[in-house]
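Containing compact mmCIF, C-alpha atoms and all ligand atoms: coords19.txt.
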# COMPACT_ATOMS: atom_id res chain seq x y z
CA MET A 110 54.70 28.10 8.41
CA LYS A 111 51.71 29.14 10.49
CA ARG A 112 50.41 31.30 7.69
CA PHE A 113 50.75 28.40 5.29
CA ALA A 114 48.71 26.19 7.63
CA VAL A 115 45.95 28.81 7.78
CA PHE A 116 45.97 29.00 3.98
CA ILE A 117 45.58 25.22 3.73
CA ALA A 118 42.71 25.27 6.21
CA VAL A 119 40.88 28.00 4.27
CA VAL A 120 41.34 26.17 0.98
CA GLY A 121 39.96 23.04 2.66
CA VAL A 122 36.80 24.89 3.68
CA LEU A 123 36.39 26.57 0.27
CA VAL A 124 36.66 23.26 -1.55
CA GLY A 125 33.83 22.19 0.74
CA CYS A 126 35.06 18.71 1.38
CA SER A 127 36.31 17.98 4.84
CA ARG A 128 36.08 14.20 4.47
CA GLU A 129 39.55 12.91 5.11
CA GLY A 130 41.32 12.00 1.94
CA GLY A 131 37.97 11.82 0.12
CA LYS A 132 36.89 13.48 -3.07
CA THR A 133 33.47 14.98 -3.56
CA ARG A 134 31.18 12.70 -5.55
CA PHE A 135 28.51 14.57 -7.49
CA ALA A 136 25.15 12.85 -7.88
CA SER A 137 22.23 14.09 -9.97
CA VAL A 138 18.51 13.54 -9.38
CA GLY A 139 16.11 13.84 -12.31
CA THR A 140 12.72 15.28 -11.34
CA GLY A 141 9.95 16.73 -13.55
CA ALA A 142 8.40 20.08 -14.46
CA VAL A 143 9.08 22.88 -11.96
CA THR A 144 5.35 23.23 -11.21
CA GLY A 145 4.97 19.53 -10.38
CA VAL A 146 5.78 17.63 -7.18
CA TYR A 147 8.82 15.61 -8.39
CA TYR A 148 10.74 18.86 -8.52
CA GLN A 149 9.94 19.29 -4.83
CA VAL A 150 11.17 15.76 -4.10
CA GLY A 151 14.44 16.66 -5.82
CA GLN A 152 14.75 19.91 -3.86
CA ALA A 153 14.10 18.08 -0.59
CA ILE A 154 16.74 15.44 -1.32
CA MET A 155 19.21 18.11 -2.38
CA ASN A 156 18.63 20.12 0.80
CA VAL A 157 19.06 17.25 3.23
CA MET A 158 22.01 15.71 1.39
CA ASN A 159 24.05 18.85 0.86
CA GLU A 160 24.05 19.56 4.59
CA ARG A 161 25.99 16.35 5.11
CA THR A 162 28.45 16.59 2.23
CA GLY A 163 31.20 17.02 4.82
CA THR A 164 30.63 13.51 6.18
CA THR A 165 29.34 11.69 3.11
CA GLY A 166 31.47 13.29 0.39
CA LEU A 167 28.29 13.40 -1.67
CA LYS A 168 26.98 16.54 -3.36
CA VAL A 169 23.52 16.32 -4.92
CA THR A 170 21.98 18.39 -7.70
CA ALA A 171 18.31 18.14 -8.70
CA GLU A 172 17.27 18.99 -12.24
CA ALA A 173 13.95 19.77 -13.90
CA THR A 174 13.28 17.17 -16.63
CA GLY A 175 10.51 15.80 -18.86
CA GLY A 176 9.39 13.38 -16.11
CA SER A 177 9.34 9.63 -15.41
CA VAL A 178 10.30 8.24 -18.79
CA ALA A 179 13.00 10.87 -19.39
CA ASN A 180 14.48 10.15 -15.94
CA ILE A 181 14.58 6.39 -16.43
CA ASN A 182 16.22 6.74 -19.83
CA ALA A 183 18.80 9.22 -18.52
CA ILE A 184 19.65 6.85 -15.63
CA LEU A 185 20.01 3.87 -17.97
CA ALA A 186 22.22 5.91 -20.30
CA GLY A 187 24.46 6.79 -17.33
CA ASP A 188 23.67 10.51 -17.70
CA MET A 189 21.94 10.69 -14.32
CA ASP A 190 22.36 8.82 -11.04
CA PHE A 191 18.88 8.98 -9.53
CA GLY A 192 15.41 9.85 -10.74
CA VAL A 193 11.82 10.13 -9.61
CA CYS A 194 9.30 8.10 -11.58
CA GLN A 195 5.87 6.54 -11.28
CA SER A 196 5.60 3.02 -9.88
CA ASP A 197 3.87 1.89 -13.10
CA THR A 198 6.63 3.40 -15.23
CA GLN A 199 9.45 1.67 -13.33
CA TYR A 200 7.60 -1.63 -13.76
CA GLN A 201 7.08 -1.06 -17.48
CA ALA A 202 10.74 -0.15 -18.04
CA TYR A 203 12.08 -3.18 -16.18
CA HIS A 204 9.74 -5.53 -18.03
CA GLY A 205 10.02 -3.93 -21.47
CA GLN A 206 6.44 -2.67 -21.67
CA GLY A 207 4.80 0.63 -22.65
CA GLU A 208 7.52 3.07 -23.77
CA TRP A 209 10.07 0.24 -23.71
CA GLN A 210 8.12 -2.24 -25.81
CA ASP A 211 10.56 -1.95 -28.72
CA LYS A 212 13.75 -1.63 -26.66
CA GLY A 213 12.96 -4.56 -24.39
CA PRO A 214 13.45 -5.10 -20.64
CA GLN A 215 15.63 -2.49 -18.91
CA GLU A 216 17.10 -4.82 -16.34
CA ALA A 217 19.72 -2.42 -14.95
CA LEU A 218 17.02 -0.27 -13.34
CA ARG A 219 16.84 -0.53 -9.51
CA SER A 220 14.33 0.77 -7.02
CA ILE A 221 15.14 2.63 -3.81
CA CYS A 222 11.86 3.65 -2.15
CA SER A 223 8.50 5.23 -2.87
CA PHE A 224 7.34 8.74 -2.01
CA HIS A 225 3.95 10.50 -2.20
CA SER A 226 0.93 9.17 -4.06
CA GLU A 227 -0.01 10.52 -7.47
CA ALA A 228 -3.32 10.72 -9.30
CA ILE A 229 -3.99 10.62 -13.04
CA THR A 230 -5.48 14.09 -13.25
CA PHE A 231 -7.62 15.35 -16.12
CA VAL A 232 -8.69 19.01 -16.07
CA ALA A 233 -10.85 20.62 -18.75
CA THR A 234 -12.40 24.01 -19.32
CA GLU A 235 -16.08 24.35 -18.42
CA ALA A 236 -16.59 25.79 -21.93
CA SER A 237 -15.39 22.56 -23.56
CA GLY A 238 -18.37 20.71 -22.10
CA ILE A 239 -16.13 17.76 -21.23
CA ARG A 240 -17.63 15.93 -18.25
CA SER A 241 -16.41 12.41 -18.95
CA LEU A 242 -13.60 10.74 -20.90
CA ALA A 243 -15.90 10.00 -23.84
CA ASP A 244 -16.53 13.73 -24.36
CA VAL A 245 -13.00 14.36 -25.71
CA LYS A 246 -13.96 13.41 -29.27
CA GLY A 247 -13.06 16.26 -31.63
CA LYS A 248 -11.41 18.31 -28.83
CA THR A 249 -7.81 19.41 -28.29
CA ILE A 250 -6.28 17.68 -25.29
CA ASN A 251 -2.72 17.76 -23.98
CA ILE A 252 -1.74 14.20 -23.12
CA GLY A 253 1.77 15.27 -22.10
CA ASN A 254 5.28 15.58 -23.49
CA PRO A 255 7.15 12.51 -24.65
CA GLY A 256 9.19 11.60 -21.55
CA SER A 257 6.35 12.19 -19.13
CA GLY A 258 4.42 9.55 -17.22
CA GLN A 259 1.03 11.07 -18.03
CA ARG A 260 1.44 10.51 -21.76
CA GLN A 261 1.37 6.73 -21.35
CA ASN A 262 -1.39 6.89 -18.73
CA ALA A 263 -3.67 9.01 -20.93
CA THR A 264 -3.00 6.82 -23.98
CA ASP A 265 -3.72 3.60 -22.06
CA ILE A 266 -6.95 4.95 -20.60
CA PHE A 267 -8.32 6.18 -23.92
CA ARG A 268 -7.42 2.93 -25.72
CA LEU A 269 -9.19 0.98 -23.00
CA ILE A 270 -12.46 2.78 -23.67
CA GLY A 271 -12.06 2.57 -27.45
CA ILE A 272 -10.92 6.15 -28.10
CA ASP A 273 -7.89 6.52 -30.38
CA PRO A 274 -5.67 9.46 -29.37
CA ASP A 275 -4.27 9.53 -32.91
CA LYS A 276 -7.64 9.95 -34.57
CA ASP A 277 -10.51 10.80 -32.27
CA PHE A 278 -9.16 14.04 -30.82
CA VAL A 279 -6.17 16.34 -31.26
CA ALA A 280 -3.53 15.03 -28.84
CA GLU A 281 -0.96 17.68 -27.92
CA GLY A 282 2.47 16.96 -26.43
CA LEU A 283 3.12 19.96 -24.20
CA LYS A 284 5.03 19.90 -20.93
CA ALA A 285 2.99 20.04 -17.74
CA SER A 286 4.53 23.41 -16.94
CA GLU A 287 3.14 24.88 -20.19
CA ALA A 288 -0.31 23.28 -20.36
CA PRO A 289 -2.14 25.43 -17.73
CA LYS A 290 -1.29 28.68 -19.49
CA VAL A 291 -2.06 27.35 -22.96
CA MET A 292 -5.43 26.11 -21.68
CA GLN A 293 -6.16 29.44 -20.02
CA ASP A 294 -5.25 31.14 -23.32
CA GLY A 295 -8.00 29.13 -25.00
CA GLN A 296 -5.83 26.83 -27.10
CA LEU A 297 -6.49 23.61 -25.18
CA ASP A 298 -9.77 22.09 -24.02
CA GLY A 299 -8.05 20.09 -21.31
CA PHE A 300 -4.89 18.38 -20.18
CA PHE A 301 -3.63 15.29 -18.38
CA TYR A 302 -1.10 15.40 -15.59
CA THR A 303 -0.22 12.43 -13.39
CA VAL A 304 0.86 14.24 -10.26
CA GLY A 305 0.69 14.48 -6.46
CA HIS A 306 -1.67 17.00 -4.89
CA PRO A 307 -1.62 19.87 -4.39
CA ALA A 308 0.48 20.68 -7.47
CA ALA A 309 1.37 24.22 -8.51
CA ALA A 310 0.45 23.44 -12.14
CA ILE A 311 -3.10 22.45 -11.15
CA ILE A 312 -3.51 25.49 -8.91
CA GLU A 313 -2.45 27.63 -11.88
CA ALA A 314 -4.86 25.80 -14.20
CA THR A 315 -7.86 26.22 -11.90
CA ALA A 316 -7.19 29.77 -10.76
CA GLY A 317 -7.29 31.52 -14.14
CA ARG A 318 -9.94 33.57 -15.92
CA ARG A 319 -11.49 30.57 -17.67
CA PRO A 320 -13.48 28.30 -15.34
CA VAL A 321 -12.06 24.79 -15.17
CA ARG A 322 -13.15 21.45 -13.71
CA PHE A 323 -11.71 18.01 -13.02
CA VAL A 324 -12.98 15.17 -15.18
CA PRO A 325 -13.45 11.92 -13.21
CA ILE A 326 -11.74 8.78 -14.53
CA THR A 327 -14.13 5.93 -13.74
CA GLY A 328 -15.18 2.59 -15.19
CA MET A 329 -11.57 1.40 -15.01
CA GLU A 330 -12.15 -1.85 -13.08
CA GLU A 331 -10.48 -3.95 -15.77
CA PHE A 332 -7.45 -1.66 -15.90
CA LEU A 333 -7.09 -1.78 -12.12
CA ALA A 334 -7.48 -5.54 -11.94
CA GLY A 335 -4.74 -6.15 -14.51
CA HIS A 336 -2.20 -3.82 -12.88
CA PRO A 337 -1.58 -4.25 -9.14
CA TYR A 338 0.29 -0.94 -8.82
CA TYR A 339 -2.79 1.11 -9.75
CA VAL A 340 -5.31 1.96 -7.05
CA PRO A 341 -8.56 3.94 -7.06
CA VAL A 342 -7.95 7.37 -5.48
CA THR A 343 -9.73 10.70 -5.18
CA ILE A 344 -8.42 14.21 -5.72
CA PRO A 345 -9.50 16.21 -2.64
CA ILE A 346 -11.45 19.13 -4.02
CA ALA A 347 -10.66 21.21 -0.91
CA LEU A 348 -7.14 21.60 -2.31
CA TYR A 349 -8.49 23.42 -5.38
CA PRO A 350 -11.35 25.67 -4.24
CA LYS A 351 -11.50 27.43 -7.61
CA ALA A 352 -12.26 24.27 -9.62
CA GLY A 353 -15.88 23.80 -10.71
CA ASN A 354 -16.39 20.41 -9.00
CA GLN A 355 -18.31 20.22 -5.73
CA GLU A 356 -16.99 16.84 -4.61
CA ASP A 357 -13.74 14.91 -4.45
CA VAL A 358 -12.87 13.56 -7.88
CA PRO A 359 -12.52 9.78 -8.40
CA THR A 360 -9.60 8.64 -10.54
CA ILE A 361 -6.67 6.20 -10.65
CA GLY A 362 -3.47 6.59 -8.67
CA MET A 363 -0.05 5.10 -8.09
CA LEU A 364 3.04 6.02 -6.08
CA ALA A 365 5.91 8.28 -7.00
CA THR A 366 9.18 6.38 -6.53
CA LEU A 367 12.92 6.94 -6.50
CA VAL A 368 15.02 4.77 -8.81
CA THR A 369 18.65 4.36 -9.82
CA SER A 370 20.83 2.04 -11.86
CA ALA A 371 22.65 -1.14 -10.85
CA ALA A 372 25.75 0.67 -12.16
CA VAL A 373 25.61 3.31 -9.39
CA ASP A 374 27.91 2.28 -6.53
CA GLU A 375 26.52 0.86 -3.32
CA GLU A 376 28.00 3.49 -1.01
CA THR A 377 26.44 6.40 -2.95
CA VAL A 378 22.98 4.81 -2.89
CA TYR A 379 23.39 3.87 0.78
CA GLN A 380 24.30 7.46 1.74
CA LEU A 381 21.45 8.97 -0.23
CA THR A 382 18.90 6.52 1.22
CA LYS A 383 20.16 7.16 4.75
CA GLY A 384 20.08 10.93 4.22
CA ILE A 385 16.45 10.81 3.10
CA PHE A 386 15.20 8.49 5.85
CA GLU A 387 17.08 10.22 8.68
CA ASN A 388 15.44 13.49 7.64
CA LEU A 389 11.92 12.30 6.97
CA ASP A 390 10.42 14.51 9.68
CA ARG A 391 11.80 17.57 7.92
CA ILE A 392 10.91 16.37 4.44
CA ARG A 393 7.27 15.92 5.54
CA GLU A 394 7.16 19.65 6.29
CA LEU A 395 8.55 20.74 2.92
CA HIS A 396 5.42 20.10 0.83
CA GLU A 397 1.81 19.26 1.55
CA ALA A 398 2.03 16.17 -0.69
CA PHE A 399 4.73 14.79 1.67
CA ARG A 400 2.71 15.17 4.92
CA ASN A 401 1.76 11.50 5.15
CA LEU A 402 5.07 9.94 4.18
CA ASP A 403 5.66 6.87 6.32
CA ALA A 404 9.08 5.19 6.38
CA GLN A 405 7.76 1.63 6.43
CA LYS A 406 5.33 2.26 3.58
CA MET A 407 8.04 3.93 1.52
CA VAL A 408 10.04 0.71 1.79
CA ASP A 409 7.12 -1.72 1.36
CA GLN A 410 4.90 -0.12 -1.28
CA GLY A 411 5.27 0.92 -4.91
CA ASN A 412 8.71 -0.59 -5.50
CA THR A 413 7.88 -2.92 -8.35
CA ILE A 414 11.41 -3.96 -9.45
CA PRO A 415 14.55 -5.29 -7.65
CA ARG A 416 16.00 -2.97 -5.01
CA HIS A 417 19.47 -1.48 -5.20
CA PRO A 418 21.81 -3.17 -2.66
CA GLY A 419 22.82 0.24 -1.22
CA ALA A 420 19.20 1.01 -0.29
CA GLU A 421 18.71 -2.51 1.02
CA ARG A 422 21.76 -2.18 3.26
CA TYR A 423 20.38 0.97 4.87
CA PHE A 424 16.87 -0.48 5.31
CA ARG A 425 18.25 -3.57 7.05
CA GLU A 426 20.41 -1.44 9.32
CA ALA A 427 17.41 0.76 10.17
CA GLY A 428 15.17 -2.26 10.83
CA LEU A 429 12.86 -1.37 7.94
CA LEU A 430 13.66 -4.62 6.12
CA LYS A 431 13.93 -7.95 7.90
N1 LIG A 501 4.19 11.86 -12.87
C1 LIG A 501 4.78 12.82 -13.76
C2 LIG A 501 5.69 12.12 -14.74
O1 LIG A 501 6.00 10.99 -14.55
C3 LIG A 501 5.54 13.91 -13.03
C4 LIG A 501 4.82 14.51 -11.88
C5 LIG A 501 5.59 15.56 -11.12
O2 LIG A 501 6.51 16.16 -11.69
O3 LIG A 501 5.27 15.77 -9.95
O4 LIG A 501 6.14 12.66 -15.70

Exercise: express the given structure as C-alpha cells:
Amino acid sequence: MKRFAVFIAVVGVLVGCSREGGKTRFASVGTGAVTGVYYQVGQAIMNVMNERTGTTGLKVTAEATGGSVANINAILAGDMDFGVCQSDTQYQAYHGQGEWQDKGPQEALRSICSFHSEAITFVATEASGIRSLADVKGKTINIGNPGSGQRQNATDIFRLIGIDPDKDFVAEGLKASEAPKVMQDGQLDGFFYTVGHPAAAIIEATAGRRPVRFVPITGMEEFLAGHPYYVPVTIPIALYPKAGNQEDVPTIGMLATLVTSAAVDEETVYQLTKGIFENLDRIRELHEAFRNLDAQKMVDQGNTIPRHPGAERYFREAGLLK
C-alpha cells in the first residue's frame, strides 16, 4: 500500500501538474523571427509562466512565426492562443484595414497589454548609395515576408511618397532572420524591419564585411497625423557602433503589443496577464529592449482595440485600471 502511494506521488510529479483535480492547459504564444525581439517576449512569458504551472495549470509554449500578421491570423483561426503584434497591426485587423481590407473587420481580436517600443528600421549598404527613401528607385529592397508587420509599414511609407513597390524597385519578401545575411552576401541593397532595439538581426546586418547604414524615415508628418498610434522615434546609434551613421536615426515607431481572441477563456488570459505583471522586474532584465517597461504604460498605451475581460480583471485587481 505504501509503495503504491509512493508510485502515485512520483507519477503526479512526472505529469507536472499538482493542481488539485486540474488538467494542464497548454497555451501557445506566436512571436516573430528568432533574431527579433518578439521571440524574446515569447521566451520571457514562457519562462515566468512555466514556473507557476503547478498553481495555474497553464503551460506556455512560444513559437517563432512570420510576425504580427501571421500571429493575428493564427489567433483568429484558433490555431494559437496569444500573439505579439504591432499596435498599428492590431488596429488594422480589428477595423478591417491594411492586410484585412478584403476580409473585413476582425472583431474577435482582443488586446491584453503593450510591451517595448518598435521602430520602422531601414538599413542599406553604403555601396548602394541609398541615403533617403527616394533613393530606392531601381534597387533591390527586402520589404519583409508576407505575415510580417514591416511589409505593410514599408508599403505604406513608399506609397505615401509616390514610390510604387511593385514597379519602382525590386521588392523582396524575405524573413527578417534571412535578410541580414542576404544583404551581406551582396544580393540586397537594403531591408526593412519594424523591430525593438537592440535587435540581433540588426547587429548581424551592421557587423558584417559590407559597411551598412540606417536610412532615416522623415517627412512623414501627414502619416503621423492620420494615425494616432504612430510616433516619431529615434534609433539610438550607440546600440549599433558598427553602422555608418554618426547620429541617432529619426524614424517612425509604435508599440509591440500582446493580443488574444475573445474565444480564449477568461481564466487563461487572467493567469497569463497576472504572471507577466507579477514578474515585470525579472522580465526587464531579460532583454535590453525591455529595460523601460512600465506596468501602467503597458496597460494605458498601444492597446488600440477592446481588451480581453481576463486581462481587465487582473488590471482592476492590481489597481492598474480604475
Ligand atoms: N514587428 C515585426 C512584425 O510585426 C516583428 C518584430 C520582432 O520580431 O521583434 O512582424

*Can you tell me which residues sit at most 7 Å away from ligand LIG 501 (chain A), counting all atoms listed in the file, written as a VMD selection string?*
chain A and resid 140 to 142 145 to 148 175 to 178 194 to 195 227 256 to 259 302 to 305

*Considering only C-alpha atoms, return as a ChimeraX atom specification whatever protein or nucleic-acid residues lie within 7 Å of Gly353 of chain A, sequence-local ones (same chain, fewer than 2 positions apart) excluded.*
/A:320-322,351,355

*Atomic separation - atom CA of Ala217 of chain A relative to atom CA of Asp403 of chain A, Å*: 27.1 Å

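Using only C-alpha atoms, the residues found no farther than 8 Å from Pro289 of chain A, other than those of its own chain fewer than 5 positions away, are A:Phe300, A:Ala310, A:Ile311, A:Glu313, A:Ala314.
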
*Just the residues within 12 Å of Leu333 of chain A, please, counting all atoms listed in the file, with nothing from its chain fewer than 2 positions along; format it as an MDAnalysis selection string.*
chainID A and resid 197 265:266 269 326:331 335:342 360:363

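For the choices A:Val193, A:Leu395, A:Ala136, A:Val143, the atom-to-atom distance to Glu287 of chain A is smallest for A:Val143 when using all atoms listed in the file.
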
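Between Phe191 of chain A and the residues A:Gly295, A:Pro214, A:Gly151, A:Gly166, the shortest atom-to-atom distance, using all atoms listed in the file, involves A:Gly151.
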
_Set the distance at 12 Å and use only C-alpha atoms: which residues neighbour Ala352 of chain A once local chain neighbours fewer than 6 positions away are removed? I'd like the list as a list in words._
Phe231, Val232, Ala233, Thr234, Glu235, Ile311, Ile312, Glu313, Ala314, Thr315, Ala316, Gly317, Arg318, Arg319, Pro320, Val321, Arg322, Phe323, Val324, Ile344, Pro345, Ile346 and Val358 of chain A

*Which is closer to Phe399 of chain A than all the others in A:Ser223, A:Gln206, A:Gln215, A:Asn251, using all atoms listed in the file?*
A:Ser223
